[in-house]
$ cat data15.csv   # CSV, C-alpha atoms (C1' of nucleotides)
chain,number,residue,atom,x,y,z
A,79,MET,CA,-20.7,-15.9,21.3
A,80,PRO,CA,-23.6,-14.3,19.5
A,81,LYS,CA,-26.9,-16.1,19.2
A,82,THR,CA,-27.8,-16.0,15.5
A,83,SER,CA,-27.4,-12.5,14.1
A,84,GLY,CA,-24.2,-13.1,12.2
A,85,LYS,CA,-23.4,-9.4,12.3
A,86,ARG,CA,-19.9,-10.0,13.4
A,87,GLU,CA,-19.3,-12.1,10.3
A,88,LYS,CA,-20.9,-9.5,8.1
A,89,LEU,CA,-18.6,-6.9,9.5
A,90,VAL,CA,-15.5,-9.0,8.9
A,91,ASP,CA,-16.6,-9.8,5.4
A,92,SER,CA,-17.3,-6.1,4.5
A,93,ALA,CA,-14.1,-5.0,6.1
A,94,GLY,CA,-12.0,-7.6,4.2
A,95,LYS,CA,-13.6,-6.6,1.0
A,96,LEU,CA,-13.2,-2.9,1.5
A,97,PHE,CA,-9.7,-3.1,2.8
A,98,HIS,CA,-8.8,-5.0,-0.4
A,99,GLN,CA,-10.6,-2.7,-2.7
A,100,VAL,CA,-9.9,0.7,-1.3
A,101,GLY,CA,-7.2,0.0,1.3
A,102,PHE,CA,-7.1,-0.1,5.1
A,103,ASN,CA,-6.4,3.6,5.8
A,104,GLN,CA,-9.0,4.8,3.3
A,105,THR,CA,-11.8,2.7,4.6
A,106,SER,CA,-13.6,4.2,7.5
A,107,LEU,CA,-15.6,2.4,10.1
A,108,ALA,CA,-18.6,4.2,8.7
A,109,ASP,CA,-18.0,2.7,5.3
A,110,ILE,CA,-17.8,-0.8,6.8
A,111,ALA,CA,-20.9,-0.2,8.8
A,112,GLU,CA,-22.8,0.9,5.7
A,113,ASP,CA,-21.6,-1.9,3.5
A,114,SER,CA,-22.5,-4.5,6.1
A,115,GLY,CA,-25.8,-3.0,7.1
A,116,VAL,CA,-24.7,-2.7,10.7
A,117,PRO,CA,-25.2,0.7,12.3
A,118,LEU,CA,-22.0,2.6,13.0
A,119,GLY,CA,-22.4,2.7,16.8
A,120,ASN,CA,-22.9,-1.1,16.9
A,121,VAL,CA,-19.6,-1.8,15.3
A,122,HIS,CA,-17.9,-1.2,18.7
A,123,TYR,CA,-20.0,-3.8,20.3
A,124,TYR,CA,-18.2,-6.4,18.2
A,125,PHE,CA,-14.8,-4.7,17.8
A,126,LYS,CA,-13.5,-2.3,20.3
A,127,THR,CA,-11.1,-0.7,17.9
A,128,LYS,CA,-10.3,-0.6,14.2
A,129,ALA,CA,-7.1,-2.5,15.0
A,130,GLU,CA,-9.1,-5.4,16.4
A,131,LEU,CA,-11.2,-5.5,13.2
A,132,ILE,CA,-8.2,-5.7,10.9
A,133,LEU,CA,-6.7,-8.4,13.1
A,134,GLU,CA,-9.9,-10.4,12.7
A,135,VAL,CA,-9.8,-9.9,8.9
A,136,LEU,CA,-6.2,-11.1,8.8
A,137,ASN,CA,-7.2,-14.1,10.9
A,138,HIS,CA,-9.9,-14.9,8.3
A,139,ARG,CA,-7.5,-14.6,5.5
A,140,SER,CA,-5.1,-16.9,7.3
A,141,GLU,CA,-7.8,-19.5,7.7
A,142,ARG,CA,-8.8,-19.3,4.1
A,143,LEU,CA,-5.2,-19.7,3.0
A,144,LYS,CA,-4.9,-22.7,5.2
A,145,SER,CA,-8.0,-24.3,3.8
A,146,TRP,CA,-6.9,-23.6,0.3
A,147,TYR,CA,-3.5,-25.4,0.9
A,148,GLU,CA,-5.3,-28.3,2.6
A,149,GLU,CA,-7.4,-28.7,-0.5
A,150,LEU,CA,-4.4,-28.5,-2.8
A,151,ASN,CA,-2.6,-31.1,-0.6
A,152,GLU,CA,-5.3,-33.6,-1.6
A,153,LEU,CA,-3.7,-33.7,-5.1
A,154,PRO,CA,-1.3,-36.6,-5.5
A,155,SER,CA,1.8,-34.9,-6.7
A,156,PRO,CA,3.5,-31.7,-5.6
A,157,LYS,CA,3.8,-30.6,-9.2
A,158,GLU,CA,0.0,-30.9,-9.7
A,159,ARG,CA,-0.5,-28.9,-6.5
A,160,LEU,CA,1.7,-26.1,-7.7
A,161,VAL,CA,0.0,-26.0,-11.0
A,162,ALA,CA,-3.4,-26.0,-9.4
A,163,MET,CA,-2.3,-23.2,-7.2
A,164,ILE,CA,-1.3,-21.1,-10.2
A,165,ASP,CA,-4.5,-22.1,-12.0
A,166,ASP,CA,-6.6,-21.0,-9.1
A,167,THR,CA,-4.7,-17.7,-9.0
A,168,LEU,CA,-5.3,-17.3,-12.7
A,169,THR,CA,-9.1,-17.4,-12.0
A,170,LEU,CA,-8.7,-14.2,-9.9
A,171,ARG,CA,-6.8,-12.2,-12.6
A,172,HIS,CA,-9.5,-9.6,-13.1
A,173,LYS,CA,-9.8,-8.8,-9.4
A,174,LEU,CA,-6.0,-8.9,-9.1
A,175,ALA,CA,-5.7,-6.4,-11.9
A,176,LYS,CA,-8.4,-4.2,-10.4
A,177,TYR,CA,-7.4,-4.2,-6.8
A,178,GLY,CA,-4.0,-5.9,-6.5
A,179,CYS,CA,-3.2,-8.9,-4.4
A,180,PRO,CA,-5.3,-9.1,-1.2
A,181,VAL,CA,-2.3,-10.4,0.7
A,182,GLY,CA,0.5,-8.4,-0.8
A,183,SER,CA,-1.2,-5.0,-0.9
A,184,LEU,CA,-2.4,-5.4,2.7
A,185,CYS,CA,1.1,-6.4,3.8
A,186,GLN,CA,2.6,-3.4,2.2
A,187,GLU,CA,0.0,-1.1,3.8
A,188,LEU,CA,0.0,-2.7,7.2
A,189,ASP,CA,3.8,-3.0,7.3
A,190,LYS,CA,3.8,0.6,8.6
A,191,GLU,CA,1.3,-0.1,11.3
A,192,ARG,CA,2.3,-1.0,14.8
A,193,GLU,CA,2.6,-4.5,16.1
A,194,PRO,CA,0.8,-7.0,16.3
A,195,ILE,CA,-0.9,-6.0,13.0
A,196,SER,CA,2.2,-5.9,10.8
A,197,LYS,CA,3.3,-9.3,12.2
A,198,LYS,CA,0.1,-10.9,11.4
A,199,ALA,CA,0.1,-9.6,7.9
A,200,ASP,CA,3.7,-10.7,7.3
A,201,GLY,CA,2.6,-14.2,8.6
A,202,LEU,CA,0.5,-14.6,5.5
A,203,ILE,CA,3.5,-14.3,3.2
A,204,LYS,CA,5.4,-16.7,5.4
A,205,MET,CA,2.6,-19.2,5.1
A,206,GLN,CA,2.8,-18.9,1.3
A,207,LEU,CA,6.5,-19.4,1.3
A,208,LYS,CA,6.3,-22.3,3.6
A,209,TRP,CA,3.7,-24.2,1.6
A,210,ILE,CA,5.5,-23.7,-1.7
A,211,SER,CA,8.8,-24.7,-0.2
A,212,GLU,CA,7.3,-27.9,1.0
A,213,GLN,CA,6.2,-28.7,-2.5
A,214,PHE,CA,9.7,-28.2,-3.9
A,215,VAL,CA,11.1,-30.3,-1.1
A,216,GLU,CA,8.8,-33.1,-2.0
A,217,LEU,CA,9.8,-32.7,-5.6
A,218,GLY,CA,13.3,-33.5,-4.4
A,219,LYS,CA,14.8,-30.1,-5.0
A,220,LYS,CA,17.8,-29.3,-2.9
A,221,ASN,CA,17.3,-25.5,-3.3
A,222,ALA,CA,13.6,-25.6,-2.4
A,223,GLU,CA,13.9,-22.4,-0.3
A,224,GLU,CA,15.4,-20.5,-3.2
A,225,LEU,CA,12.9,-21.8,-5.7
A,226,SER,CA,9.9,-21.0,-3.5
A,227,LEU,CA,11.3,-17.5,-3.0
A,228,GLN,CA,11.6,-17.1,-6.7
A,229,LEU,CA,8.1,-18.3,-7.3
A,230,ILE,CA,6.4,-16.3,-4.7
A,231,ALA,CA,8.3,-13.2,-5.6
A,232,SER,CA,7.2,-13.6,-9.2
A,233,LEU,CA,3.6,-14.1,-8.2
A,234,HIS,CA,3.5,-11.0,-6.0
A,235,GLY,CA,5.4,-9.0,-8.5
A,236,THR,CA,3.0,-10.0,-11.2
A,237,ALA,CA,0.1,-8.7,-9.1
A,238,VAL,CA,1.9,-5.4,-8.5
A,239,VAL,CA,2.6,-4.9,-12.2
A,240,GLY,CA,-0.7,-6.2,-13.4
A,241,ASN,CA,-2.5,-4.0,-10.9
A,242,ALA,CA,-0.5,-0.9,-11.8
A,243,LEU,CA,-1.1,-1.4,-15.5
A,244,LYS,CA,-4.7,-2.6,-14.9
A,245,SER,CA,-4.0,-5.6,-17.1
A,246,PRO,CA,-5.5,-9.1,-16.5
A,247,LYS,CA,-3.7,-10.1,-19.7
A,248,ILE,CA,-0.3,-9.4,-18.2
A,249,ILE,CA,-1.2,-11.6,-15.2
A,250,GLU,CA,-2.4,-14.3,-17.6
A,251,GLU,CA,0.8,-14.3,-19.5
A,252,GLU,CA,3.1,-14.3,-16.5
A,253,LEU,CA,1.2,-17.0,-14.7
A,254,GLY,CA,1.2,-19.1,-17.9
A,255,ARG,CA,5.0,-18.8,-18.0
A,256,LEU,CA,5.3,-19.8,-14.3
A,257,LYS,CA,3.1,-22.8,-14.9
A,258,SER,CA,5.3,-24.0,-17.7
A,259,TRP,CA,8.3,-23.4,-15.5
A,260,VAL,CA,6.8,-25.6,-12.8
A,261,LYS,CA,5.7,-28.3,-15.3
A,262,ALA,CA,9.1,-28.5,-16.8
A,263,MET,CA,10.7,-29.3,-13.5
B,138,MET,CA,9.6,30.9,-9.3
B,139,PRO,CA,11.0,31.4,-5.8
B,140,LYS,CA,14.0,33.6,-5.3
B,141,THR,CA,16.3,31.6,-3.2
B,142,SER,CA,14.6,29.9,-0.2
B,143,GLY,CA,14.4,26.4,-1.6
B,144,LYS,CA,11.5,25.6,0.6
B,145,ARG,CA,9.6,24.1,-2.2
B,146,GLU,CA,12.3,21.6,-2.8
B,147,LYS,CA,12.6,20.8,0.9
B,148,LEU,CA,8.9,20.1,1.0
B,149,VAL,CA,9.0,17.8,-1.9
B,150,ASP,CA,12.1,16.0,-0.5
B,151,SER,CA,10.4,15.5,2.9
B,152,ALA,CA,7.2,14.4,1.4
B,153,GLY,CA,8.9,11.9,-0.9
B,154,LYS,CA,10.8,10.5,2.1
B,155,LEU,CA,7.8,10.3,4.4
B,156,PHE,CA,5.5,8.9,1.7
B,157,HIS,CA,8.0,6.1,1.2
B,158,GLN,CA,8.7,5.4,4.8
B,159,VAL,CA,5.2,5.7,6.3
B,160,GLY,CA,2.9,5.9,3.3
B,161,PHE,CA,0.9,8.6,1.7
B,162,ASN,CA,-2.3,8.3,3.7
B,163,GLN,CA,-0.5,8.1,7.0
B,164,THR,CA,1.7,11.1,6.3
B,165,SER,CA,0.0,14.4,7.3
B,166,LEU,CA,0.9,17.8,6.0
B,167,ALA,CA,1.9,18.6,9.5
B,168,ASP,CA,4.4,15.8,9.4
B,169,ILE,CA,5.9,17.1,6.2
B,170,ALA,CA,6.0,20.6,7.5
B,171,GLU,CA,7.8,19.5,10.6
B,172,ASP,CA,10.3,17.3,8.7
B,173,SER,CA,11.1,20.0,6.2
B,174,GLY,CA,11.2,22.9,8.7
B,175,VAL,CA,8.5,24.8,6.9
B,176,PRO,CA,5.6,26.1,9.0
B,177,LEU,CA,2.4,24.2,8.4
B,178,GLY,CA,0.5,27.2,7.1
B,179,ASN,CA,3.2,28.0,4.6
B,180,VAL,CA,2.8,24.6,2.9
B,181,HIS,CA,-0.3,25.9,1.1
B,182,TYR,CA,1.6,28.7,-0.4
B,183,TYR,CA,3.6,26.2,-2.4
B,184,PHE,CA,1.0,23.5,-2.9
B,185,LYS,CA,-2.6,24.3,-2.8
B,186,THR,CA,-3.6,20.7,-2.0
B,187,LYS,CA,-2.0,17.5,-0.8
B,188,ALA,CA,-2.8,16.0,-4.2
B,189,GLU,CA,-0.6,18.7,-5.8
B,190,LEU,CA,2.2,17.8,-3.5
B,191,ILE,CA,2.1,14.1,-4.3
B,192,LEU,CA,2.0,14.8,-8.0
B,193,GLU,CA,5.2,16.9,-7.6
B,194,VAL,CA,6.8,14.0,-5.7
B,195,LEU,CA,5.8,11.6,-8.5
B,196,ASN,CA,7.3,14.1,-11.0
B,197,HIS,CA,10.5,14.1,-9.1
B,198,ARG,CA,10.6,10.3,-9.0
B,199,SER,CA,10.0,10.2,-12.7
B,200,GLU,CA,12.9,12.6,-13.3
B,201,ARG,CA,15.2,10.6,-11.2
B,202,LEU,CA,14.2,7.4,-12.9
B,203,LYS,CA,14.9,9.1,-16.2
B,204,SER,CA,18.4,10.3,-15.1
B,205,TRP,CA,19.2,6.9,-13.8
B,206,TYR,CA,18.4,5.2,-17.1
B,207,GLU,CA,20.4,7.9,-19.0
B,208,GLU,CA,23.4,7.1,-16.8
B,209,LEU,CA,22.9,3.4,-17.4
B,210,ASN,CA,22.6,3.9,-21.1
B,211,GLU,CA,26.2,5.2,-21.1
B,212,LEU,CA,27.4,1.6,-20.6
B,213,PRO,CA,28.3,0.0,-23.9
B,214,SER,CA,26.2,-3.2,-23.8
B,215,PRO,CA,22.6,-3.8,-22.8
B,216,LYS,CA,23.7,-6.7,-20.7
B,217,GLU,CA,26.1,-4.5,-18.7
B,218,ARG,CA,23.3,-2.0,-18.3
B,219,LEU,CA,20.9,-4.5,-16.9
B,220,VAL,CA,23.5,-5.9,-14.5
B,221,ALA,CA,24.4,-2.4,-13.4
B,222,MET,CA,20.7,-1.7,-12.8
B,223,ILE,CA,20.4,-4.8,-10.6
B,224,ASP,CA,23.6,-3.9,-8.8
B,225,ASP,CA,22.4,-0.4,-8.1
B,226,THR,CA,19.2,-1.9,-6.7
B,227,LEU,CA,21.2,-4.2,-4.6
B,228,THR,CA,22.7,-1.2,-2.9
B,229,LEU,CA,19.3,-0.2,-1.7
B,230,ARG,CA,18.5,-3.6,-0.1
B,231,HIS,CA,18.3,-2.3,3.4
B,232,LYS,CA,15.9,0.5,2.6
B,233,LEU,CA,13.9,-1.9,0.5
B,234,ALA,CA,13.6,-4.4,3.3
B,235,LYS,CA,12.6,-1.6,5.7
B,236,TYR,CA,10.2,0.4,3.7
B,237,GLY,CA,9.5,-1.5,0.5
B,238,CYS,CA,10.0,-0.3,-3.0
B,239,PRO,CA,9.5,3.5,-3.4
B,240,VAL,CA,7.8,3.0,-6.7
B,241,GLY,CA,5.9,-0.2,-6.1
B,242,SER,CA,4.5,0.6,-2.7
B,243,LEU,CA,3.4,4.1,-3.8
B,244,CYS,CA,1.7,2.6,-6.9
B,245,GLN,CA,-0.2,0.2,-4.8
B,246,GLU,CA,-1.3,2.9,-2.4
B,247,LEU,CA,-2.1,5.5,-5.0
B,248,ASP,CA,-3.8,3.1,-7.3
B,249,LYS,CA,-7.0,3.7,-5.2
B,250,GLU,CA,-6.7,7.5,-5.5
B,251,ARG,CA,-8.4,9.5,-8.1
B,252,GLU,CA,-7.0,10.5,-11.4
B,253,PRO,CA,-4.5,12.0,-12.3
B,254,ILE,CA,-2.6,10.7,-9.3
B,255,SER,CA,-2.9,7.0,-10.0
B,256,LYS,CA,-2.0,7.5,-13.7
B,257,LYS,CA,1.1,9.3,-12.8
B,258,ALA,CA,2.1,6.5,-10.4
B,259,ASP,CA,1.5,3.8,-12.9
B,260,GLY,CA,3.6,5.7,-15.4
B,261,LEU,CA,6.7,5.0,-13.3
B,262,ILE,CA,6.2,1.2,-13.7
B,263,LYS,CA,5.6,1.7,-17.4
B,264,MET,CA,8.9,3.6,-17.6
B,265,GLN,CA,10.7,0.7,-16.0
B,266,LEU,CA,9.1,-1.8,-18.3
B,267,LYS,CA,10.0,0.3,-21.3
B,268,TRP,CA,13.6,0.7,-20.5
B,269,ILE,CA,14.2,-3.0,-19.6
B,270,SER,CA,12.4,-4.0,-22.8
B,271,GLU,CA,14.7,-1.8,-24.8
B,272,GLN,CA,17.7,-3.6,-23.4
B,273,PHE,CA,16.3,-7.0,-24.3
B,274,VAL,CA,15.5,-5.8,-27.8
B,275,GLU,CA,19.0,-4.6,-28.2
B,276,LEU,CA,20.1,-8.0,-27.0
B,277,GLY,CA,18.3,-9.4,-30.0
B,278,LYS,CA,15.6,-11.1,-28.0
B,279,LYS,CA,12.4,-11.7,-29.9
B,280,ASN,CA,10.3,-11.9,-26.7
B,281,ALA,CA,11.7,-8.8,-25.2
B,282,GLU,CA,8.3,-7.7,-23.9
B,283,GLU,CA,7.8,-11.0,-22.1
B,284,LEU,CA,11.3,-11.0,-20.6
B,285,SER,CA,11.0,-7.4,-19.3
B,286,LEU,CA,7.7,-8.3,-17.7
B,287,GLN,CA,9.3,-11.3,-16.1
B,288,LEU,CA,12.3,-9.3,-14.8
B,289,ILE,CA,10.3,-6.3,-13.5
B,290,ALA,CA,7.8,-8.6,-11.8
B,291,SER,CA,10.6,-10.5,-10.1
B,292,LEU,CA,12.1,-7.2,-8.9
B,293,HIS,CA,8.9,-5.8,-7.5
B,294,GLY,CA,7.9,-9.1,-6.0
B,295,THR,CA,11.3,-9.4,-4.3
B,296,ALA,CA,10.7,-6.0,-2.8
B,297,VAL,CA,7.3,-7.0,-1.5
B,298,VAL,CA,8.6,-10.3,0.0
B,299,GLY,CA,11.8,-8.8,1.3
B,300,ASN,CA,9.9,-6.0,2.9
B,301,ALA,CA,7.2,-8.2,4.4
B,302,LEU,CA,9.9,-10.5,5.9
B,303,LYS,CA,12.2,-7.5,6.7
B,304,SER,CA,15.1,-9.3,5.1
B,305,PRO,CA,17.8,-7.6,3.1
B,306,LYS,CA,19.3,-11.1,2.7
B,307,ILE,CA,16.4,-12.3,0.8
B,308,ILE,CA,16.7,-9.4,-1.5
B,309,GLU,CA,20.3,-10.0,-2.0
B,310,GLU,CA,19.8,-13.7,-2.9
B,311,GLU,CA,17.0,-13.0,-5.4
B,312,LEU,CA,18.8,-10.1,-7.0
B,313,GLY,CA,21.9,-12.3,-7.3
B,314,ARG,CA,19.9,-14.9,-9.0
B,315,LEU,CA,18.4,-12.4,-11.4
B,316,LYS,CA,21.9,-11.1,-12.2
B,317,SER,CA,23.1,-14.5,-13.1
B,318,TRP,CA,20.0,-15.0,-15.2
B,319,VAL,CA,20.8,-11.8,-17.2
B,320,LYS,CA,24.5,-12.6,-17.5
B,321,ALA,CA,23.7,-16.1,-18.9
B,322,MET,CA,21.7,-14.6,-21.8
C,217,DG,C1',-27.8,-7.1,22.0
C,218,DT,C1',-29.0,-3.0,19.3
C,219,DC,C1',-29.0,1.5,18.2
C,220,DT,C1',-28.9,7.0,18.5
C,221,DA,C1',-26.4,10.7,19.7
C,222,DT,C1',-22.3,12.6,20.7
C,223,DA,C1',-17.5,13.3,22.6
C,224,DT,C1',-12.8,13.9,21.2
C,225,DG,C1',-9.1,14.3,18.2
C,226,DT,C1',-6.9,15.0,13.8
C,227,DT,C1',-7.0,16.3,9.2
C,228,DG,C1',-6.7,19.2,5.0
C,229,DA,C1',-7.4,23.7,4.0
C,230,DT,C1',-8.2,29.0,4.7
C,231,DA,C1',-8.0,33.9,6.3
C,232,DG,C1',-5.5,37.4,7.1
C,233,DA,C1',-1.6,39.9,9.9
C,234,DC,C1',3.1,40.8,9.0
D,138,DG,C1',6.7,35.5,0.7
D,139,DT,C1',6.1,34.1,5.4
D,140,DC,C1',3.7,32.7,9.3
D,141,DT,C1',-0.2,32.4,13.2
D,142,DA,C1',-4.5,31.3,14.1
D,143,DT,C1',-8.4,28.9,13.0
D,144,DC,C1',-12.2,26.7,10.4
D,145,DA,C1',-15.0,22.8,8.8
D,146,DA,C1',-15.1,18.1,7.9
D,147,DC,C1',-14.3,13.7,9.1
D,148,DA,C1',-12.3,10.0,11.8
D,149,DT,C1',-12.4,6.8,15.8
D,150,DA,C1',-14.4,5.9,19.8
D,151,DT,C1',-17.8,6.3,23.8
D,152,DA,C1',-22.2,7.0,26.6
D,153,DG,C1',-26.2,5.6,27.5
D,154,DA,C1',-31.4,4.8,26.1
D,155,DC,C1',-34.0,1.0,24.5
$ encode --input "data15.csv" --output "structure tokens"
Amino acid sequence: MPKTSGKREKLVDSAGKLFHQVGFNQTSLADIAEDSGVPLGNVHYYFKTKAELILEVLNHRSERLKSWYEELNELPSPKERLVAMIDDTLTLRHKLAKYGCPVGSLCQELDKEREPISKKADGLIKMQLKWISEQFVELGKKNAEELSLQLIASLHGTAVVGNALKSPKIIEEELGRLKSWVKAM
Amino acid sequence: MPKTSGKREKLVDSAGKLFHQVGFNQTSLADIAEDSGVPLGNVHYYFKTKAELILEVLNHRSERLKSWYEELNELPSPKERLVAMIDDTLTLRHKLAKYGCPVGSLCQELDKEREPISKKADGLIKMQLKWISEQFVELGKKNAEELSLQLIASLHGTAVVGNALKSPKIIEEELGRLKSWVKAM
DNA sequence: GTCTATATGTTGATAGAC
DNA sequence: GTCTATCAACATATAGAC
């Protein structure tokens, strides 16, 4: 455990940001060092390899996803939770259009990397599927699995298309449609 | 124009295959040279830079997409065309689960590259949106744009999720659902 | 714990013989 | 047109002074 510096956190934050914005392979350790204000040589004190760093970034993302779902779970009804999830996503539409989905784009890129990196990335999508599925189960849907697959696929696809076309508007439209779909259930 | 060798085509084929399977950034010119049987140094006779090579790969993909749509357009009704499009995609489910969508994954990765590469990649998704939209227009739908966005987002999202979870079955299920959706229109 | 300097390997790209 | 040999730049990773 470090005493106070917080350099480890800064490195993870910068890495997460840059991996999302310019991709894992196109982000060098030098870039991360510069962005976080940590000298290049010092990076290896905290993370022996680049693989260790991306694993930590994925852990952080996993934690944040978990916290988010815990927050959403405070809402009384599953329908409200799903709507709130979509609304929160809507807030990010400009970043999504600019850089793509922080989960989906990393999954695609890291899918080609060796274990355990790709496994960890895939786990994020499994978490998403699981939480959404739970909401549909609580809504009394027999085909909760299928519905959650449908919803998460639409969400990820919207990010892909919105990002390709650099259009927050497209994301807004599609999320609006999905919200109506959930509300009408 | 080359006389007979066909090495240029071999290079483009290998590049397209490897870019899809392991990604653009993770594929070196040496990899492409080896896969195509063309000596490394000779690659630069055909393509001055790696950027030129990816542009040619994107051109090929664009041509293939165009040919595909021309074939589909032979079918009498727009509904049949859409169903055939989904059925053709279904055929590729194992490759999609293994490597992701050849269009979507490249778009995501090349999005961060400099012009004109990213533009060319985005153009592929625009082609898809355009063709699907035309089918819905011909089906008499007033909200053809919205429907085509919905369909293409579902398709790309299915590829992302199916690839992340390495599941051709998921792709099969979701494409089956989309097919029913189109048929019921 | 922090940093400078550097080792080591790989990449995209070139030069020039054939 | 084809290929061998090689350059220069950049990457990750390490060694070791402070």
$ closest_atom_pairs --input "data15.csv" --of "chain C" --to "chain A" --cutoff "10 Å" --atoms "only C-alpha atoms (C1' of nucleotides)" --output "tab-separated table"
residue	atom	partner	partner_atom	distance
C:DG217	C1'	A:Tyr123	CA	8.6
C:DT218	C1'	A:Asn120	CA	6.8
C:DC219	C1'	A:Asn120	CA	6.8
C:DT220	C1'	A:Gly119	CA	8.0
C:DA221	C1'	A:Gly119	CA	9.4
$ closest_atom_pairs --input "data15.csv" --of "chain A" --to "chain B" --cutoff "6 Å" --atoms "only C-alpha atoms" --output "tab-separated table"
residue	atom	partner	partner_atom	distance
A:Val100	CA	B:Lys249	CA	5.7
A:Lys190	CA	B:Val159	CA	5.8
A:Asp200	CA	B:Ala301	CA	5.2
A:Ala231	CA	B:Gly294	CA	4.1
A:Ser232	CA	B:Ser291	CA	4.7
A:His234	CA	B:Gly294	CA	4.8
A:Gly235	CA	B:Gly294	CA	3.5
A:Thr236	CA	B:Ala290	CA	5.0
A:Ala242	CA	B:Asp259	CA	5.2
$ atom_distance --input "data15.csv" --atom1 "CA of Glu148 in chain A" --atom2 "CA of Glu193 in chain A"
28.5 Å
$ closest_atom_pairs --input "data15.csv" --of "chain D" --to "chain A" --cutoff "12 Å" --atoms "all atoms listed in the file" --output "Markdown table"
| residue | atom | partner | partner_atom | distance |
| --- | --- | --- | --- | --- |
| D:DC147 | C1' | A:Ser106 | CA | 9.7 |
| D:DA148 | C1' | A:Ser106 | CA | 7.3 |
| D:DT149 | C1' | A:Lys128 | CA | 7.9 |
| D:DA150 | C1' | A:Thr127 | CA | 7.6 |
| D:DT151 | C1' | A:His122 | CA | 9.1 |
| D:DA152 | C1' | A:Gly119 | CA | 10.7 |
| D:DG153 | C1' | A:Gly119 | CA | 11.7 |
$ atom_distance --input "data15.csv" --atom1 "CA of Glu193 in chain B" --atom2 "CA of Thr164 in chain B"
15.5 Å
$ atom_distance --input "data15.csv" --atom1 "CA of Tyr124 in chain A" --atom2 "CA of Asp91 in chain A"
13.3 Å
$ axis_aligned_box --input "data15.csv" --around "range 268-282 of chain B" --padding-each-side "4 Å" --output "lines of an AutoDock Vina configuration file"
center_x = 14.2
center_y = -5.6
center_z = -24.8
size_x = 19.8
size_y = 20.6
size_z = 18.4
